Amino acid sequence: MADIRIRRLTLENFKCHKALTLDFEGRDRSLYGDNAAGKTSVYDALTWLLFGKDSAGGDESRMEVKPLNEQGQTADPQAMTAVEAELEADGNTVTFRRCLRGLWGCRAGGRETEFLGNSSRYYVNGLALRKGAFDAAVRELVPEDRFRMLTSVTWFARDLDWQQRRQILFDLSGAMTDRELLASEPGFADLLEQMGSRTPEEYRAWLLERRKALSGIPETISARLSECEKILASLGPEEGPDRQGEIAGRLEAVTARLKALDSGDRRELTLRLDGAKLECRELEARNREHRMARDRERAGLEGERKARQQNILSIQALIGTLEGTIQDLRARQDRCRERWTAVNGGSFPGGNCPTCGQSLPQPLLQEAANRFQREKAASLTELDRQIRDLEPEA
């Protein structure tokens with residue numbers, strides 16, 4: 001385990017501490033204060049951060065970490081609770097932080113906002129992690145049992161069971177294991193062999209289970225003996241021997257039938273059995289071949305289905321493109337028809353001399369009118385051609 005020192009511990013809205021920062025600077029420190037001043041809460045904050053428990057090892061589901069009001073209720077349910085510990089492990093600084101936020105919202109079918117529970121966020125060196133990764137980082141630094149041993153004077157004597165305490169003492173003193181102890185005494189050789197790979201505790205539990213199972217056998221035997229005695233008692237004085245004779249006769253008949261089967265009969269039965277086995281293997285081979293053919297057919301059909309589905313998608317995309325093109329052509333046709341209507345509705349406006357403003361002489365006026373009609377006809381012809389060219393193909 002690394003050499004771990006606490007450099008700083010910061011509490012926000014944790015139990016009785018609204019905001020508290022303790023600069024330990026990696027040195028030994030002592031906390032003094034009156035009863036209920038919050039000394040234990042500091043230890044609770046550290047164990048809650050690292051292991052999700054209070055200082056006594058109780059699960060956090062049974063501890064209230066947020067500050068309470070005089071009525072014993074959460075003072076500010078929407079306030080965030082956070083604990084951050086800056087530690088120095090073998091000269092390297094590592095920071096653990098946990099934040100607890102309340103979740104608020106409307107339940108299904110409800111309209112009012114209500115408290116839905118709490119959600120925790122975990123950070124190591126400022127990086128957000130899932131709870132599993134956070135716990136793994138803590139365990140790599142210091143396992144909980146080692147932390148408890150180092151920080152609680154009552155953990156070993158009060159909170160550990162006697163098997164754990166014995167194992168720790170044996171590990172510290174270098175005592176022999178149970179198997180080594182049994183192996184050192186020849187009188188325990190048979191016991192060690194019967195134990196196999198089990199520990200003494202496991203072997204004892206196994207023996208108890210065996211004894212429990214065997215303890216019910218005498219009762220079962222007694223019940224069956226009683227049943228047989230009732231059957232014998234129900235038989236008349238002469239019925240028993242008659243039944244025995246009947247059973248003996250049936251046994252002789254069966255024995256005679258078995259003797260009647262000579263080697264030829266057995267050989268015929270063997271051949272018939274071998275033939276049935278061969279036919280069964282042939283049927284299994286045909287069944288496998290049929291399944292393989294069906295699988296190949298299914299794979300081919302699946303490939304064809306996917307190809308056709310892809311073809312359908314391509315056709316649908318092409319249809320969409322063509323529909324867009326058709327709409328564009330029709331819009332252009334409509335604009336050409338509007339221009340054709342405007343040109344066709346136009347008339348010769350007459351003509352005046354651009355210099356003096358007087359009407360042009362009749363020959364020039366007639367020439368201008370003829371030129372207007374020719375240009376109008378040419379424009380209408382060109383617009384008709386454009387309209388025909390823009391007509392979508394069927």
# chains A, B, ... in the order shown; residues from 1 in each chain; ligands from 1

call {"tool": "residues_around", "arguments": {"residues": "stretch 143-158 of chain A", "least_positions_apart": "3", "cutoff": "10 Å", "atoms": "only C-alpha atoms", "output": "MDAnalysis selection string"}}
result
chainID A and resid 1 43 47 50:51 55:57 135:140 161:162 164:165 168

call {"tool": "write_last_selection", "arguments": {"atoms": "C-alpha atoms", "output": "mmCIF file, in the first residue's frame"}}
result
data_model
loop_
_atom_site.group_PDB
_atom_site.id
_atom_site.type_symbol
_atom_site.label_atom_id
_atom_site.label_comp_id
_atom_site.auth_asym_id
_atom_site.auth_seq_id
_atom_site.Cartn_x
_atom_site.Cartn_y
_atom_site.Cartn_z
ATOM 1 C CA MET A 1 0.000 0.000 0.000
ATOM 2 C CA TYR A 43 -14.624 11.408 9.216
ATOM 3 C CA THR A 47 -15.562 7.491 4.255
ATOM 4 C CA LEU A 50 -14.164 6.853 -0.700
ATOM 5 C CA PHE A 51 -16.509 3.960 0.131
ATOM 6 C CA SER A 55 -17.440 6.194 9.688
ATOM 7 C CA ALA A 56 -18.973 3.167 11.460
ATOM 8 C CA GLY A 57 -19.184 1.191 8.207
ATOM 9 C CA ASP A 135 -14.267 2.483 -6.811
ATOM 10 C CA ALA A 136 -11.471 0.676 -8.645
ATOM 11 C CA ALA A 137 -9.247 3.748 -8.395
ATOM 12 C CA VAL A 138 -9.931 3.944 -4.639
ATOM 13 C CA ARG A 139 -9.230 0.221 -4.131
ATOM 14 C CA GLU A 140 -5.973 0.504 -6.020
ATOM 15 C CA ASP A 161 -15.662 -11.280 13.244
ATOM 16 C CA TRP A 162 -13.383 -13.663 15.068
ATOM 17 C CA GLN A 164 -11.076 -12.414 10.291
ATOM 18 C CA ARG A 165 -9.279 -11.336 13.450
ATOM 19 C CA ILE A 168 -4.978 -11.306 10.537
#

call {"tool": "residues_around", "arguments": {"residues": "A:Ser41", "least_positions_apart": "5", "cutoff": "8 Å", "atoms": "only C-alpha atoms", "output": "tab-separated table (two decimals) with N, CA and C atoms, in the first residue's frame"}}
result
chain	number	residue	atom	x	y	z
A	14	PHE	N	-22.43	19.29	3.60
A	14	PHE	CA	-22.36	17.92	4.10
A	14	PHE	C	-22.71	17.92	5.59
A	15	LYS	N	-23.83	17.28	5.91
A	15	LYS	CA	-24.33	17.22	7.28
A	15	LYS	C	-24.39	18.62	7.89
A	16	CYS	N	-23.67	18.86	9.00
A	16	CYS	CA	-23.77	20.16	9.68
A	16	CYS	C	-22.83	21.20	9.08

call {"tool": "atom_distance", "arguments": {"atom1": "atom CA of A:Ser226", "atom2": "atom CA of A:Arg210"}}
result
25.4 Å

call {"tool": "select_by_dssp", "arguments": {"residues": "stretch 68-309 of chain A", "states": "helix (DSSP H, G or I)", "output": "number ranges by chain"}}
result
A: 131-141, 144-151, 155-159, 162-173, 178-183, 186-195, 200-215, 217-234, 239-260, 263-309

call {"tool": "residues_around", "arguments": {"residues": "A:Leu380", "least_positions_apart": "4", "cutoff": "10 Å", "atoms": "only C-alpha atoms", "output": "ChimeraX atom specification"}}
result
/A:336-337,339-344,374-376,384-386

call {"tool": "write_last_selection", "arguments": {"atoms": "N, CA and C atoms", "output": "short mmCIF file (atom, residue, chain, number, x, y, z; two decimals), in the first residue's frame"}}
result
data_model
loop_
_atom_site.label_atom_id
_atom_site.label_comp_id
_atom_site.auth_asym_id
_atom_site.auth_seq_id
_atom_site.Cartn_x
_atom_site.Cartn_y
_atom_site.Cartn_z
N CYS A 336 -43.17 30.46 -70.16
CA CYS A 336 -43.19 30.67 -71.62
C CYS A 336 -44.60 30.98 -72.11
N ARG A 337 -45.60 30.27 -71.55
CA ARG A 337 -46.99 30.55 -71.97
C ARG A 337 -47.40 31.97 -71.58
N ARG A 339 -45.40 34.50 -71.31
CA ARG A 339 -44.74 35.42 -72.27
C ARG A 339 -45.44 35.37 -73.63
N TRP A 340 -45.86 34.11 -74.08
CA TRP A 340 -46.56 33.98 -75.37
C TRP A 340 -47.86 34.77 -75.35
N THR A 341 -48.60 34.66 -74.24
CA THR A 341 -49.87 35.40 -74.13
C THR A 341 -49.61 36.91 -74.17
N ALA A 342 -48.55 37.33 -73.48
CA ALA A 342 -48.25 38.77 -73.47
C ALA A 342 -47.85 39.25 -74.86
N VAL A 343 -47.01 38.45 -75.56
CA VAL A 343 -46.57 38.86 -76.92
C VAL A 343 -47.74 38.83 -77.88
N ASN A 344 -48.58 37.79 -77.81
CA ASN A 344 -49.70 37.65 -78.74
C ASN A 344 -50.72 38.77 -78.52
N ARG A 374 -43.72 40.99 -88.14
CA ARG A 374 -42.74 39.91 -88.37
C ARG A 374 -42.05 39.52 -87.05
N GLU A 375 -41.63 40.52 -86.26
CA GLU A 375 -40.96 40.23 -85.00
C GLU A 375 -41.90 39.53 -84.02
N LYS A 376 -43.20 39.94 -84.03
CA LYS A 376 -44.18 39.30 -83.16
C LYS A 376 -44.35 37.84 -83.55
N ASP A 384 -43.42 29.01 -79.01
CA ASP A 384 -44.06 27.71 -79.26
C ASP A 384 -43.04 26.58 -79.24
N ARG A 385 -41.86 26.83 -79.88
CA ARG A 385 -40.81 25.81 -79.91
C ARG A 385 -40.31 25.50 -78.50
N GLN A 386 -40.11 26.55 -77.70
CA GLN A 386 -39.63 26.33 -76.34
C GLN A 386 -40.64 25.56 -75.49
#

call {"tool": "atom_distance", "arguments": {"atom1": "atom CA of A:Arg8", "atom2": "atom CA of A:Leu22"}}
result
5.6 Å

call {"tool": "select_by_dssp", "arguments": {"residues": "stretch 88-336 of chain A", "states": "strand (DSSP E or B)", "output": "ChimeraX atom specification"}}
result
/A:88-89,92-105,114-124,127-129

call {"tool": "atom_distance", "arguments": {"atom1": "atom CA of A:Ser30", "atom2": "atom CA of A:Asp159"}}
result
24.0 Å

call {"tool": "closest_residue", "arguments": {"among": "A:Arg5, A:Leu181, A:Ala213, A:Ser347", "to": "A:Pro200", "atoms": "only C-alpha atoms"}}
result
A:Leu181

call {"tool": "residues_around", "arguments": {"residues": "A:Arg330", "least_positions_apart": "6", "cutoff": "12 Å", "atoms": "only C-alpha atoms", "output": "PDB file with C-alpha atoms, in the first residue's frame"}}
result
ATOM      1  CA  GLU A 323     -40.557  14.635 -60.346  1.00  0.00           C
ATOM      2  CA  GLY A 324     -38.423  17.638 -59.405  1.00  0.00           C
ATOM      3  CA  CYS A 336     -43.190  30.674 -71.617  1.00  0.00           C
ATOM      4  CA  ARG A 337     -46.990  30.551 -71.975  1.00  0.00           C
ATOM      5  CA  GLN A 386     -39.633  26.331 -76.336  1.00  0.00           C
ATOM      6  CA  ILE A 387     -42.978  25.166 -74.957  1.00  0.00           C
ATOM      7  CA  ARG A 388     -42.791  21.963 -77.063  1.00  0.00           C
ATOM      8  CA  ASP A 389     -39.178  21.363 -76.035  1.00  0.00           C
ATOM      9  CA  LEU A 390     -40.100  21.715 -72.367  1.00  0.00           C
ATOM     10  CA  GLU A 391     -42.935  19.187 -72.595  1.00  0.00           C
ATOM     11  CA  PRO A 392     -41.950  16.213 -70.284  1.00  0.00           C
ATOM     12  CA  GLU A 393     -41.561  12.888 -72.079  1.00  0.00           C
TER      13      GLU A 393
END

call {"tool": "closest_residue", "arguments": {"among": "A:Ser197, A:Thr10, A:Thr177, A:Gln78", "to": "A:Leu116", "atoms": "only C-alpha atoms"}}
result
A:Gln78
